[in-house]
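One file, start32.txt, is given below (compact mmCIF, C-alpha atoms and all ligand atoms).
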# COMPACT_ATOMS: atom_id res chain seq x y z
CA GLU H 1 -114.69 117.92 85.85
CA LYS H 2 -114.72 114.30 84.81
CA ILE H 3 -116.39 113.14 81.63
CA LYS H 4 -119.22 110.78 82.52
CA ILE H 5 -119.58 107.60 80.50
CA CYS H 6 -122.55 105.27 80.63
CA ILE H 7 -121.66 101.65 79.83
CA CYS H 8 -124.48 99.29 78.90
CA GLY H 9 -123.98 95.62 79.74
CA GLY H 10 -122.74 93.32 82.45
CA GLY H 11 -120.64 90.70 80.72
CA ASN H 12 -117.00 90.20 79.74
CA GLY H 13 -116.63 93.28 77.56
CA ALA H 14 -118.64 95.57 79.86
CA HIS H 15 -116.34 94.69 82.77
CA VAL H 16 -113.19 95.54 80.80
CA MET H 17 -114.67 98.75 79.41
CA ALA H 18 -115.96 99.81 82.83
CA GLY H 19 -112.63 99.03 84.50
CA LEU H 20 -110.45 100.82 81.96
CA ALA H 21 -112.66 103.91 81.89
CA ALA H 22 -112.98 104.02 85.67
CA ALA H 23 -109.20 103.75 85.99
CA HIS H 24 -108.66 106.79 83.78
CA ALA H 25 -108.32 110.11 85.56
CA ARG H 26 -110.49 112.00 83.09
CA THR H 27 -113.51 109.72 83.04
CA GLU H 28 -116.15 108.47 85.44
CA VAL H 29 -118.23 105.36 84.82
CA GLN H 30 -121.94 104.69 85.28
CA VAL H 31 -122.83 101.12 84.41
CA LEU H 32 -126.33 100.23 83.24
CA THR H 33 -127.08 96.53 83.47
CA LEU H 34 -130.66 95.43 83.01
CA TYR H 35 -130.13 91.70 83.19
CA GLN H 36 -131.59 89.89 86.20
CA ASP H 37 -129.95 91.06 89.46
CA GLU H 38 -126.55 91.88 87.93
CA ALA H 39 -126.63 95.52 89.10
CA VAL H 40 -127.30 94.53 92.72
CA VAL H 41 -124.71 91.74 92.75
CA TRP H 42 -122.01 93.87 91.08
CA THR H 43 -122.70 96.78 93.49
CA GLU H 44 -122.33 94.38 96.44
CA LYS H 45 -119.08 93.02 95.01
CA MET H 46 -117.66 96.53 94.74
CA LYS H 47 -117.99 96.87 98.51
CA GLN H 48 -115.41 94.09 98.84
CA GLY H 49 -112.76 95.85 96.74
CA ASP H 50 -111.84 97.17 93.33
CA LEU H 51 -112.70 95.69 89.97
CA ILE H 52 -109.53 94.03 88.68
CA ILE H 53 -108.59 93.77 85.03
CA ALA H 54 -105.80 91.23 84.56
CA ARG H 55 -104.27 92.43 81.32
CA ASN H 56 -102.07 89.97 79.45
CA ASN H 57 -99.44 91.96 77.61
CA PRO H 58 -97.67 90.79 74.43
CA ASP H 59 -94.42 90.36 76.44
CA ARG H 60 -96.29 87.72 78.50
CA THR H 61 -96.46 89.87 81.63
CA VAL H 62 -99.81 90.26 83.36
CA GLU H 63 -100.64 93.71 84.66
CA GLU H 64 -103.45 94.38 87.13
CA ILE H 65 -105.55 97.47 86.61
CA LYS H 66 -107.79 98.29 89.55
CA ALA H 67 -110.68 100.72 89.61
CA LYS H 68 -114.29 101.22 90.66
CA PRO H 69 -117.20 102.36 88.53
CA ALA H 70 -118.99 105.24 90.31
CA VAL H 71 -122.44 103.70 89.80
CA ILE H 72 -123.79 100.29 88.77
CA THR H 73 -127.52 100.34 88.33
CA LYS H 74 -130.61 99.02 86.58
CA ASP H 75 -132.01 102.55 86.46
CA ALA H 76 -131.39 104.08 83.03
CA GLY H 77 -132.06 107.61 84.31
CA GLN H 78 -129.34 107.30 86.92
CA ALA H 79 -126.88 105.60 84.57
CA THR H 80 -127.22 108.26 81.88
CA GLN H 81 -127.28 111.26 84.23
CA ASN H 82 -124.93 113.95 82.89
CA ALA H 83 -123.35 111.39 80.59
CA ASP H 84 -121.77 112.56 77.36
CA VAL H 85 -121.21 109.11 75.97
CA ILE H 86 -123.22 105.88 76.02
CA ILE H 87 -121.31 102.73 75.13
CA PHE H 88 -123.06 99.46 74.25
CA CYS H 89 -120.88 96.56 75.29
CA VAL H 90 -123.37 93.70 75.36
CA PRO H 91 -124.51 91.04 72.85
CA ALA H 92 -126.81 92.42 70.16
CA PHE H 93 -129.83 90.36 71.26
CA ALA H 94 -129.97 92.64 74.33
CA HIS H 95 -129.62 95.98 72.48
CA LYS H 96 -133.33 96.64 71.97
CA GLN H 97 -134.00 96.61 75.66
CA TYR H 98 -131.12 99.05 76.30
CA PHE H 99 -132.20 101.43 73.52
CA GLU H 100 -135.72 101.45 74.97
CA ALA H 101 -134.44 102.07 78.48
CA ILE H 102 -132.17 104.99 77.55
CA ALA H 103 -134.60 106.55 75.02
CA PRO H 104 -136.23 109.04 77.45
CA TYR H 105 -132.80 110.25 78.61
CA VAL H 106 -130.93 110.62 75.33
CA LYS H 107 -129.93 114.22 74.71
CA GLU H 108 -128.45 116.03 71.75
CA ASN H 109 -124.64 116.10 71.72
CA MET H 110 -124.51 112.57 73.09
CA SER H 111 -122.36 109.97 71.41
CA ILE H 112 -123.86 106.48 71.19
CA ILE H 113 -121.23 103.85 70.58
CA GLY H 114 -121.65 100.21 69.60
CA LEU H 115 -118.56 98.44 70.88
CA PRO H 116 -119.25 96.33 68.94
CA GLY H 117 -122.50 97.53 67.35
CA GLN H 118 -123.01 94.29 65.39
CA PRO H 119 -124.95 94.40 62.12
CA GLY H 120 -128.16 96.43 62.28
CA PHE H 121 -127.07 98.62 65.22
CA GLU H 122 -127.77 101.87 63.34
CA PHE H 123 -131.16 100.64 62.07
CA GLN H 124 -132.32 99.77 65.56
CA CYS H 125 -130.88 102.94 67.09
CA LEU H 126 -132.78 105.15 64.64
CA ASP H 127 -135.91 103.04 64.89
CA ILE H 128 -136.14 103.35 68.66
CA LEU H 129 -134.58 106.77 69.34
CA LYS H 130 -136.15 108.33 66.24
CA ASP H 131 -135.33 112.05 65.78
CA LYS H 132 -133.27 112.07 68.96
CA ALA H 133 -130.75 109.78 67.27
CA ARG H 134 -130.36 112.34 64.49
CA SER H 135 -128.87 114.85 66.90
CA CYS H 136 -126.39 112.32 68.30
CA THR H 137 -123.14 110.94 66.96
CA ILE H 138 -123.46 107.21 66.29
CA LEU H 139 -120.33 105.11 66.23
CA ASP H 140 -120.12 101.44 65.39
CA TYR H 141 -116.99 99.34 65.79
CA GLU H 142 -116.40 96.11 63.90
CA SER H 143 -115.62 94.11 67.04
CA LEU H 144 -114.75 94.26 70.72
CA PRO H 145 -111.23 95.69 71.24
CA TRP H 146 -110.26 92.69 73.37
CA ALA H 147 -110.58 88.97 73.82
CA CYS H 148 -111.75 88.77 77.42
CA ARG H 149 -113.46 86.47 79.88
CA LEU H 150 -114.90 87.08 83.33
CA ALA H 151 -112.95 85.33 86.06
CA GLU H 152 -115.34 86.46 88.82
CA PHE H 153 -118.47 88.45 88.09
CA GLY H 154 -118.16 92.00 89.41
CA ARG H 155 -114.60 91.54 90.65
CA LYS H 156 -112.19 90.23 88.08
CA VAL H 157 -111.91 89.93 84.33
CA ASP H 158 -109.10 88.42 82.29
CA LEU H 159 -108.11 90.59 79.38
CA LEU H 160 -106.53 87.87 77.24
CA ALA H 161 -105.53 89.84 74.17
CA THR H 162 -105.86 93.34 72.72
CA LYS H 163 -106.44 93.89 69.02
CA ASP H 164 -103.82 95.91 67.11
CA SER H 165 -106.40 98.08 65.42
CA LEU H 166 -110.13 98.43 65.13
CA ILE H 167 -112.21 99.99 62.38
CA GLY H 168 -115.38 101.88 63.19
CA SER H 169 -117.88 103.99 61.32
CA LEU H 170 -119.36 107.28 62.40
CA ILE H 171 -122.65 108.93 61.57
CA SER H 172 -122.55 112.61 62.52
CA GLY H 173 -125.58 114.09 64.15
CA LYS H 174 -127.08 117.54 63.84
CA SER H 175 -125.32 118.57 67.06
CA GLN H 176 -121.62 118.38 67.73
CA PRO H 177 -120.58 116.20 70.66
CA LYS H 178 -118.93 118.03 73.57
CA HIS H 179 -115.97 115.66 73.46
CA ASP H 180 -114.65 113.90 70.38
CA PRO H 181 -115.81 110.32 71.07
CA VAL H 182 -113.00 108.66 69.11
CA GLU H 183 -110.32 110.65 70.95
CA LEU H 184 -111.99 109.80 74.21
CA LEU H 185 -112.05 106.08 73.50
CA GLN H 186 -108.43 106.14 72.38
CA LEU H 187 -107.47 107.93 75.58
CA ILE H 188 -109.13 105.20 77.64
CA PHE H 189 -107.76 102.27 75.58
CA GLY H 190 -104.19 103.57 75.45
CA GLU H 191 -101.96 102.60 72.54
CA HIS H 192 -104.02 99.66 71.28
CA PRO H 193 -106.24 99.04 69.52
CA ILE H 194 -105.49 101.92 67.17
CA LEU H 195 -108.92 103.27 66.26
CA ILE H 196 -109.34 103.71 62.52
CA LYS H 197 -112.14 105.57 60.82
CA GLY H 198 -113.96 103.38 58.31
CA ASN H 199 -115.74 104.73 55.25
CA ASN H 200 -119.38 104.30 56.19
CA TYR H 201 -121.69 102.21 58.35
CA LEU H 202 -122.56 99.72 55.59
CA GLU H 203 -118.90 98.83 55.39
CA THR H 204 -118.90 98.06 59.12
CA VAL H 205 -122.03 95.90 58.74
CA LEU H 206 -120.27 93.77 56.14
CA MET H 207 -116.94 93.69 58.02
CA VAL H 208 -118.21 92.01 61.17
CA LYS H 209 -116.72 88.50 61.34
CA GLY H 210 -119.45 86.94 63.53
CA PHE H 211 -120.83 85.08 60.49
CA ALA H 212 -117.98 82.60 60.95
CA HIS H 213 -119.77 81.13 63.99
CA PRO H 214 -123.03 80.02 62.30
CA ALA H 215 -121.13 79.01 59.15
CA LEU H 216 -118.83 76.70 61.12
CA MET H 217 -121.64 75.34 63.28
CA TYR H 218 -123.62 74.49 60.16
CA GLY H 219 -120.50 72.92 58.62
CA HIS H 220 -120.07 70.70 61.65
CA TRP H 221 -123.63 69.85 62.73
CA MET H 222 -125.79 69.93 59.59
CA ASN H 223 -125.84 66.12 59.38
CA TRP H 224 -125.84 65.49 63.13
CA ASP H 225 -127.89 62.42 64.04
CA GLY H 226 -129.10 63.85 67.35
CA LYS H 227 -127.01 61.44 69.44
CA PRO H 228 -124.86 62.87 72.25
CA VAL H 229 -121.10 62.90 71.70
CA GLU H 230 -118.39 61.95 74.22
CA GLU H 231 -116.36 65.13 74.00
CA LYS H 232 -116.66 68.75 72.98
CA PRO H 233 -115.34 69.02 69.41
CA LEU H 234 -112.66 71.64 68.74
CA PHE H 235 -114.24 74.61 67.01
CA TYR H 236 -111.29 75.63 64.83
CA GLN H 237 -108.65 72.91 65.10
CA GLY H 238 -111.34 70.29 64.50
CA LEU H 239 -112.49 72.03 61.32
CA THR H 240 -113.39 69.91 58.30
CA GLU H 241 -112.66 70.96 54.73
CA PHE H 242 -116.41 71.11 54.18
CA ALA H 243 -116.97 73.54 57.09
CA ALA H 244 -114.10 75.70 55.81
CA SER H 245 -115.71 75.74 52.36
CA VAL H 246 -119.02 76.93 53.85
CA LEU H 247 -117.23 79.77 55.62
CA TRP H 248 -115.36 80.60 52.42
CA ASP H 249 -118.58 80.79 50.39
CA VAL H 250 -120.50 82.87 52.94
CA SER H 251 -117.61 85.31 53.11
CA GLN H 252 -117.48 85.53 49.31
CA GLU H 253 -121.20 86.36 49.22
CA ILE H 254 -120.59 89.21 51.64
CA VAL H 255 -117.68 90.48 49.53
CA ASN H 256 -119.94 90.26 46.46
CA THR H 257 -122.51 92.38 48.27
CA ALA H 258 -119.94 95.06 49.07
CA LYS H 259 -118.80 95.09 45.43
CA ALA H 260 -122.38 95.40 44.20
CA ILE H 261 -122.92 98.46 46.43
CA SER H 262 -119.82 100.21 45.10
CA LYS H 263 -120.71 99.27 41.54
CA ALA H 264 -124.17 100.81 41.89
CA ARG H 265 -122.79 103.87 43.74
CA PRO H 266 -119.09 104.39 42.96
CA GLU H 267 -118.91 107.14 45.61
CA VAL H 268 -119.64 104.56 48.33
CA THR H 269 -116.29 103.06 49.24
CA MET H 270 -116.36 99.55 50.68
CA GLU H 271 -112.64 98.76 50.51
CA ASN H 272 -112.41 97.52 54.10
CA VAL H 273 -114.73 94.58 53.40
CA GLU H 274 -112.25 91.78 52.93
CA HIS H 275 -112.59 88.04 52.37
CA PHE H 276 -112.25 86.04 55.59
CA GLU H 277 -109.34 84.05 54.12
CA SER H 278 -107.03 87.02 53.52
CA TRP H 279 -108.26 88.69 56.71
CA ILE H 280 -107.35 85.80 58.98
CA ILE H 281 -104.03 85.11 57.28
CA ARG H 282 -103.02 88.75 57.70
CA ASN H 283 -104.38 89.29 61.21
CA TYR H 284 -103.03 86.08 62.71
CA ARG H 285 -99.78 85.91 60.73
CA HIS H 286 -97.78 85.40 63.94
CA THR H 287 -99.84 82.45 65.17
CA ILE H 288 -100.80 80.62 61.97
CA GLN H 289 -98.44 77.77 61.16
CA ASP H 290 -99.73 76.94 57.68
CA PRO H 291 -101.18 79.93 55.81
CA THR H 292 -101.80 78.01 52.56
CA ASN H 293 -105.54 78.64 52.57
CA LEU H 294 -108.52 79.29 54.83
CA TYR H 295 -108.77 75.66 55.94
CA THR H 296 -105.10 75.26 56.90
CA ALA H 297 -104.94 78.74 58.42
CA MET H 298 -107.89 78.12 60.73
CA LYS H 299 -106.72 74.65 61.73
CA THR H 300 -103.18 75.73 62.55
CA ASN H 301 -103.88 79.05 64.26
CA THR H 302 -102.54 78.61 67.79
CA ALA H 303 -104.50 81.68 68.91
CA TYR H 304 -107.63 79.55 68.36
CA GLY H 305 -106.15 76.55 70.15
CA GLY H 306 -108.43 74.66 72.51
CA LEU H 307 -111.62 76.57 71.66
CA VAL H 308 -114.53 74.14 71.46
CA HIS H 309 -118.04 74.08 70.03
CA PRO H 310 -120.68 75.41 72.43
CA MET H 311 -122.06 72.27 74.06
CA GLN H 312 -124.43 71.28 76.82
CA GLU H 313 -123.55 68.40 79.12
CA ILE H 314 -126.76 66.40 79.38
CA SER H 315 -125.30 63.68 81.59
CA PRO H 316 -121.73 63.12 82.81
CA GLY H 317 -119.47 62.92 79.73
CA LYS H 318 -122.37 63.22 77.25
CA TYR H 319 -122.67 66.38 75.21
CA ILE H 320 -125.08 67.86 72.70
CA PRO H 321 -124.54 71.07 70.71
CA ASP H 322 -125.95 74.24 72.28
CA PHE H 323 -127.93 75.79 69.45
CA HIS H 324 -129.05 78.64 71.72
CA HIS H 325 -125.55 79.91 72.25
CA ARG H 326 -124.61 83.46 71.25
CA TYR H 327 -122.99 81.95 68.12
CA LEU H 328 -126.48 81.42 66.70
CA GLU H 329 -128.76 83.58 68.90
CA GLU H 330 -126.66 86.66 68.15
CA ASP H 331 -124.83 85.91 64.92
CA VAL H 332 -127.86 84.86 62.86
CA PRO H 333 -130.57 87.51 63.53
CA TYR H 334 -127.99 90.25 64.24
CA GLY H 335 -125.42 89.02 61.75
CA LEU H 336 -126.12 86.82 58.77
CA ALA H 337 -129.75 87.92 58.42
CA VAL H 338 -128.58 91.54 58.16
CA THR H 339 -125.94 90.88 55.51
CA LYS H 340 -128.52 88.74 53.70
CA GLY H 341 -130.98 91.65 53.81
CA VAL H 342 -128.40 94.03 52.32
CA ALA H 343 -127.52 91.45 49.63
CA GLN H 344 -131.21 91.11 48.78
CA ILE H 345 -131.50 94.89 48.33
CA VAL H 346 -128.58 95.02 45.88
CA GLY H 347 -129.66 91.86 44.07
CA VAL H 348 -126.77 89.58 45.09
CA ALA H 349 -127.58 85.87 45.25
CA THR H 350 -126.51 84.22 48.52
CA PRO H 351 -127.14 80.48 48.19
CA CYS H 352 -124.68 79.49 50.92
CA THR H 353 -125.82 82.14 53.41
CA ASP H 354 -129.40 81.00 52.74
CA LYS H 355 -128.53 77.37 53.55
CA VAL H 356 -126.89 78.38 56.83
CA ILE H 357 -129.77 80.65 57.90
CA THR H 358 -132.37 78.04 56.95
CA TRP H 359 -130.59 75.40 59.03
CA ALA H 360 -129.96 77.73 61.98
CA GLN H 361 -133.48 79.17 62.15
CA GLY H 362 -134.82 75.63 62.58
CA HIS H 363 -132.68 75.20 65.68
CA LEU H 364 -133.58 78.66 66.97
CA GLY H 365 -137.26 77.85 66.51
CA LYS H 366 -137.78 80.84 64.21
CA GLU H 367 -138.57 81.47 60.59
CA PHE H 368 -136.64 84.35 59.07
CA LEU H 369 -136.08 83.12 55.56
CA VAL H 370 -138.50 81.42 53.17
CA GLY H 371 -136.51 79.97 50.29
CA SER H 372 -134.09 82.76 49.50
CA GLU H 373 -136.22 85.63 50.75
CA LEU H 374 -136.40 87.33 54.11
CA LYS H 375 -140.14 87.05 54.51
CA GLY H 376 -140.54 84.40 57.20
CA LYS H 377 -142.96 84.80 60.09
CA GLU H 378 -140.25 86.13 62.41
CA PHE H 379 -138.08 88.11 60.02
CA LYS H 380 -139.02 91.27 61.93
CA ASP H 381 -137.10 89.85 64.90
CA THR H 382 -133.90 90.25 62.91
CA ARG H 383 -132.07 93.52 62.31
CA ALA H 384 -132.22 93.12 58.54
CA PRO H 385 -132.90 96.54 56.96
CA GLN H 386 -136.26 95.28 55.65
CA ALA H 387 -137.43 94.78 59.24
CA PHE H 388 -137.16 98.57 59.67
CA GLY H 389 -138.83 99.44 56.37
CA LEU H 390 -135.54 100.03 54.54
CA ASN H 391 -136.00 98.33 51.19
CA THR H 392 -133.79 100.12 48.67
CA LEU H 393 -130.17 101.17 48.37
CA ASP H 394 -131.31 104.78 48.63
CA ASP H 395 -132.99 103.95 51.93
CA LEU H 396 -129.71 102.49 53.20
CA LEU H 397 -127.64 105.45 51.99
CA SER H 398 -130.06 107.98 53.49
CA LEU H 399 -128.73 107.03 56.94
CA MET H 400 -125.17 108.09 56.14
P1 LIG D 1 -121.18 88.29 77.28
O1 LIG D 1 -121.47 86.95 76.74
O2 LIG D 1 -120.21 88.40 78.40
O3 LIG D 1 -122.54 88.98 77.69
C1 LIG D 1 -123.21 88.49 78.79
C2 LIG D 1 -124.01 89.62 79.36
O4 LIG D 1 -125.06 89.96 78.45
C3 LIG D 1 -124.67 89.26 80.65
O5 LIG D 1 -123.79 89.48 81.71
C4 LIG D 1 -125.85 90.21 80.64
O6 LIG D 1 -125.46 91.49 81.07
C5 LIG D 1 -126.22 90.29 79.18
N1 LIG D 1 -127.26 89.30 78.86
C6 LIG D 1 -127.11 87.98 78.69
N2 LIG D 1 -128.28 87.39 78.41
C7 LIG D 1 -129.20 88.37 78.39
C8 LIG D 1 -130.58 88.40 78.16
N3 LIG D 1 -131.27 87.30 77.87
N4 LIG D 1 -131.19 89.58 78.23
C9 LIG D 1 -130.51 90.71 78.50
N5 LIG D 1 -129.19 90.74 78.72
C10 LIG D 1 -128.55 89.59 78.68
O7 LIG D 1 -120.75 89.27 76.09
P2 LIG D 1 -119.30 89.82 75.80
O8 LIG D 1 -118.34 88.69 75.76
O9 LIG D 1 -119.04 90.99 76.67
O10 LIG D 1 -119.47 90.32 74.31
C11 LIG D 1 -120.04 91.59 73.99
C12 LIG D 1 -120.06 91.70 72.49
O11 LIG D 1 -118.73 91.59 71.98
C13 LIG D 1 -120.85 90.61 71.78
O12 LIG D 1 -121.48 91.19 70.68
C14 LIG D 1 -119.80 89.62 71.33
O13 LIG D 1 -120.20 88.86 70.21
C15 LIG D 1 -118.63 90.53 71.02
N6 LIG D 1 -117.29 89.93 71.15
C16 LIG D 1 -116.85 89.40 72.32
C17 LIG D 1 -115.54 88.92 72.45
C18 LIG D 1 -115.00 88.40 73.76
O14 LIG D 1 -113.82 88.01 73.83
N7 LIG D 1 -115.74 88.38 74.83
C19 LIG D 1 -114.68 88.97 71.34
C20 LIG D 1 -115.16 89.51 70.15
C21 LIG D 1 -116.45 90.01 70.06

Just give me the structure of the file as structure tokens.
Ligand code: NAD
Amino acid sequence: EKIKICICGGGNGAHVMAGLAAAHARTEVQVLTLYQDEAVVWTEKMKQGDLIIARNNPDRTVEEIKAKPAVITKDAGQATQNADVIIFCVPAFAHKQYFEAIAPYVKENMSIIGLPGQPGFEFQCLDILKDKARSCTILDYESLPWACRLAEFGRKVDLLATKDSLIGSLISGKSQPKHDPVELLQLIFGEHPILIKGNNYLETVLMVKGFAHPALMYGHWMNWDGKPVEEKPLFYQGLTEFAASVLWDVSQEIVNTAKAISKARPEVTMENVEHFESWIIRNYRHTIQDPTNLYTAMKTNTAYGGLVHPMQEISPGKYIPDFHHRYLEEDVPYGLAVTKGVAQIVGVATPCTDKVITWAQGHLGKEFLVGSELKGKEFKDTRAPQAFGLNTLDDLLSLM
């Protein structure tokens, strides 16, 4: 009998995950997508033919993988029916709604996987699923296994690149899962990414690289005069030394936070939390032309070539920055605000992170931070630990 997998989401990553799992002989896919009429449209599209994943391989060949999810629905009961595994593959701002939808149907032995979880995934999972979560296995991966973009909703997705390896953390529940969730994922992914077990969930929280987006947007737009620009600026190749220095400082504050945790509790290993500079130079060694430092590495990384700032075209050829893009809407409340919250708990000062959050929250129309403290009117809309009543290091460690 096939292992049933529920996949939450309807975007780029959800299409790849659904396609790969549906293509595997051992697994059957039930997609849950709650957004607008995605479930209806995707179901209609599946009547026209298979879902196609166009996988770009390192040898420059493109392979087509074709498969059909068994079910695509907005009904959480149907999507989770007989499922052993629930995989979140959707931006973090949508997670709450998915946790609430699946809550009545979560059973012990289930594995709940954030692919990626994004910072605060575990806090929200436990907050909404309560005791039920304690009988499940909770996995959280540092990123999506692939760079991917939808070519046609419901029909075709371009799998542009596959990561070599991916680190994830695991919180064991009171009940054993029927199938080892890591083995199952590896079976579906194939050779890459190689799934590596991280040390603990706090490590994963501090490893997520999404903070680069708000840091670079702040670096570029903090002094913007509000006038439209004639072209979309290059996000990485157009980097200034100032923007690179902001990213460097934010990353250092996160590394400082990891060190402070291990200093307070030597048994808590945080060795996978690495500075962005060494991380990018190592991970993109084949595509970076000048690895002298973070600034040169980012500017000369051909893998980042052509990527532009998120912009809105307000009239033909006139652009303004899109401050409601996922780069801020996701990576501030479900990214920087979480690492800030952890830093606050272990007493690490984060002046640069604070500047970025303060600037970004203005554009998001929210108040998370007041001065250097997470006590703004809307801080409970973030996934900072404090928003879930977790205020001490012991509180954070009690989840492990
Ligand atoms: P995406 O941008 O494709 O997600 C869009 C989907 O999210 C929509 O189809 C819809 O199902 C849902 N959605 C959008 N707005 C919503 C709303 N207001 N309410 C509820 N649902 C809504 O996301 P993705 O590219 O699949 O990325 C998934 C995760 O992986 C994100 O956390 C992202 O940061 C991360 N990630 C993506 C890539 C990539 O190459 N795509 C690479 C690295 C990390």

Considering all atoms listed in the file, can you say which of H:Met311, H:Val182, H:Leu187, H:Ile261 comes closest to Glu230 (chain H)?
H:Met311

How close does each residue of chain H get to ligand LIG 1 (chain D), giving the shortest atom pair and distance in Å to one decimal for every residue with an atom at most 9 Å away, counting all atoms listed in the file, sorted by chain and residue number, as a Markdown table?
| residue | atom | partner | partner_atom | distance |
| --- | --- | --- | --- | --- |
| H:Cys8 | CA | D:LIG1 | O6 | 8.2 |
| H:Gly9 | CA | D:LIG1 | O6 | 4.6 |
| H:Gly10 | CA | D:LIG1 | O6 | 3.6 |
| H:Gly11 | CA | D:LIG1 | O2 | 3.3 |
| H:Asn12 | CA | D:LIG1 | O9 | 3.8 |
| H:Gly13 | CA | D:LIG1 | O9 | 3.4 |
| H:Ala14 | CA | D:LIG1 | O9 | 5.6 |
| H:His15 | CA | D:LIG1 | O9 | 7.6 |
| H:Val16 | CA | D:LIG1 | O9 | 8.5 |
| H:Thr33 | CA | D:LIG1 | O6 | 5.8 |
| H:Leu34 | CA | D:LIG1 | N5 | 6.5 |
| H:Tyr35 | CA | D:LIG1 | N5 | 4.7 |
| H:Gln36 | CA | D:LIG1 | C9 | 7.8 |
| H:Glu38 | CA | D:LIG1 | O6 | 7.0 |
| H:Phe88 | CA | D:LIG1 | C11 | 8.4 |
| H:Cys89 | CA | D:LIG1 | C11 | 5.2 |
| H:Val90 | CA | D:LIG1 | C11 | 4.2 |
| H:Pro91 | CA | D:LIG1 | O12 | 3.7 |
| H:Ala92 | CA | D:LIG1 | O12 | 5.5 |
| H:Phe93 | CA | D:LIG1 | N4 | 7.1 |
| H:Ala94 | CA | D:LIG1 | C9 | 4.6 |
| H:His95 | CA | D:LIG1 | C9 | 8.1 |
| H:Gln97 | CA | D:LIG1 | C9 | 7.4 |
| H:Tyr98 | CA | D:LIG1 | C9 | 8.6 |
| H:Leu115 | CA | D:LIG1 | O11 | 6.9 |
| H:Pro116 | CA | D:LIG1 | O11 | 5.7 |
| H:Gly117 | CA | D:LIG1 | O12 | 7.2 |
| H:Gln118 | CA | D:LIG1 | O12 | 6.3 |
| H:Glu142 | CA | D:LIG1 | C21 | 8.7 |
| H:Ser143 | CA | D:LIG1 | C21 | 5.2 |
| H:Leu144 | CA | D:LIG1 | C21 | 4.6 |
| H:Pro145 | CA | D:LIG1 | C20 | 7.4 |
| H:Trp146 | CA | D:LIG1 | O14 | 5.9 |
| H:Ala147 | CA | D:LIG1 | O14 | 3.4 |
| H:Cys148 | CA | D:LIG1 | O14 | 4.2 |
| H:Arg149 | CA | D:LIG1 | N7 | 5.9 |
| H:Leu150 | CA | D:LIG1 | O2 | 7.4 |
| H:Phe153 | CA | D:LIG1 | O5 | 8.4 |
| H:Leu159 | CA | D:LIG1 | O14 | 8.4 |
| H:Leu160 | CA | D:LIG1 | O14 | 8.0 |
| H:Ala161 | CA | D:LIG1 | O14 | 8.5 |
| H:Lys209 | CA | D:LIG1 | C21 | 8.9 |
| H:Gly210 | CA | D:LIG1 | O13 | 7.0 |
| H:Arg326 | CA | D:LIG1 | O13 | 7.0 |
| H:Tyr327 | CA | D:LIG1 | O13 | 7.7 |
| H:Glu330 | CA | D:LIG1 | O13 | 7.1 |
| H:Asp331 | CA | D:LIG1 | O13 | 7.6 |

Neighbouring residues of Pro58 (chain H) were defined as those with any atom within 9 Å, considering only C-alpha atoms; residues of the same chain fewer than 2 positions away were excluded. Please report them as number ranges by chain.
H: 56, 60-61, 161-162

In Å to one decimal, how far is CA of Arg265 (chain H) from CA of Gly389 (chain H)?
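So the answer is 20.9 Å.
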
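Picture a line from CA of Val106 (chain H) to CA of Leu170 (chain H); it runs 17.7 Å.
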
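Pairwise distance (CA of Tyr218 (chain H), CA of Phe388 (chain H)) equals 27.6 Å.
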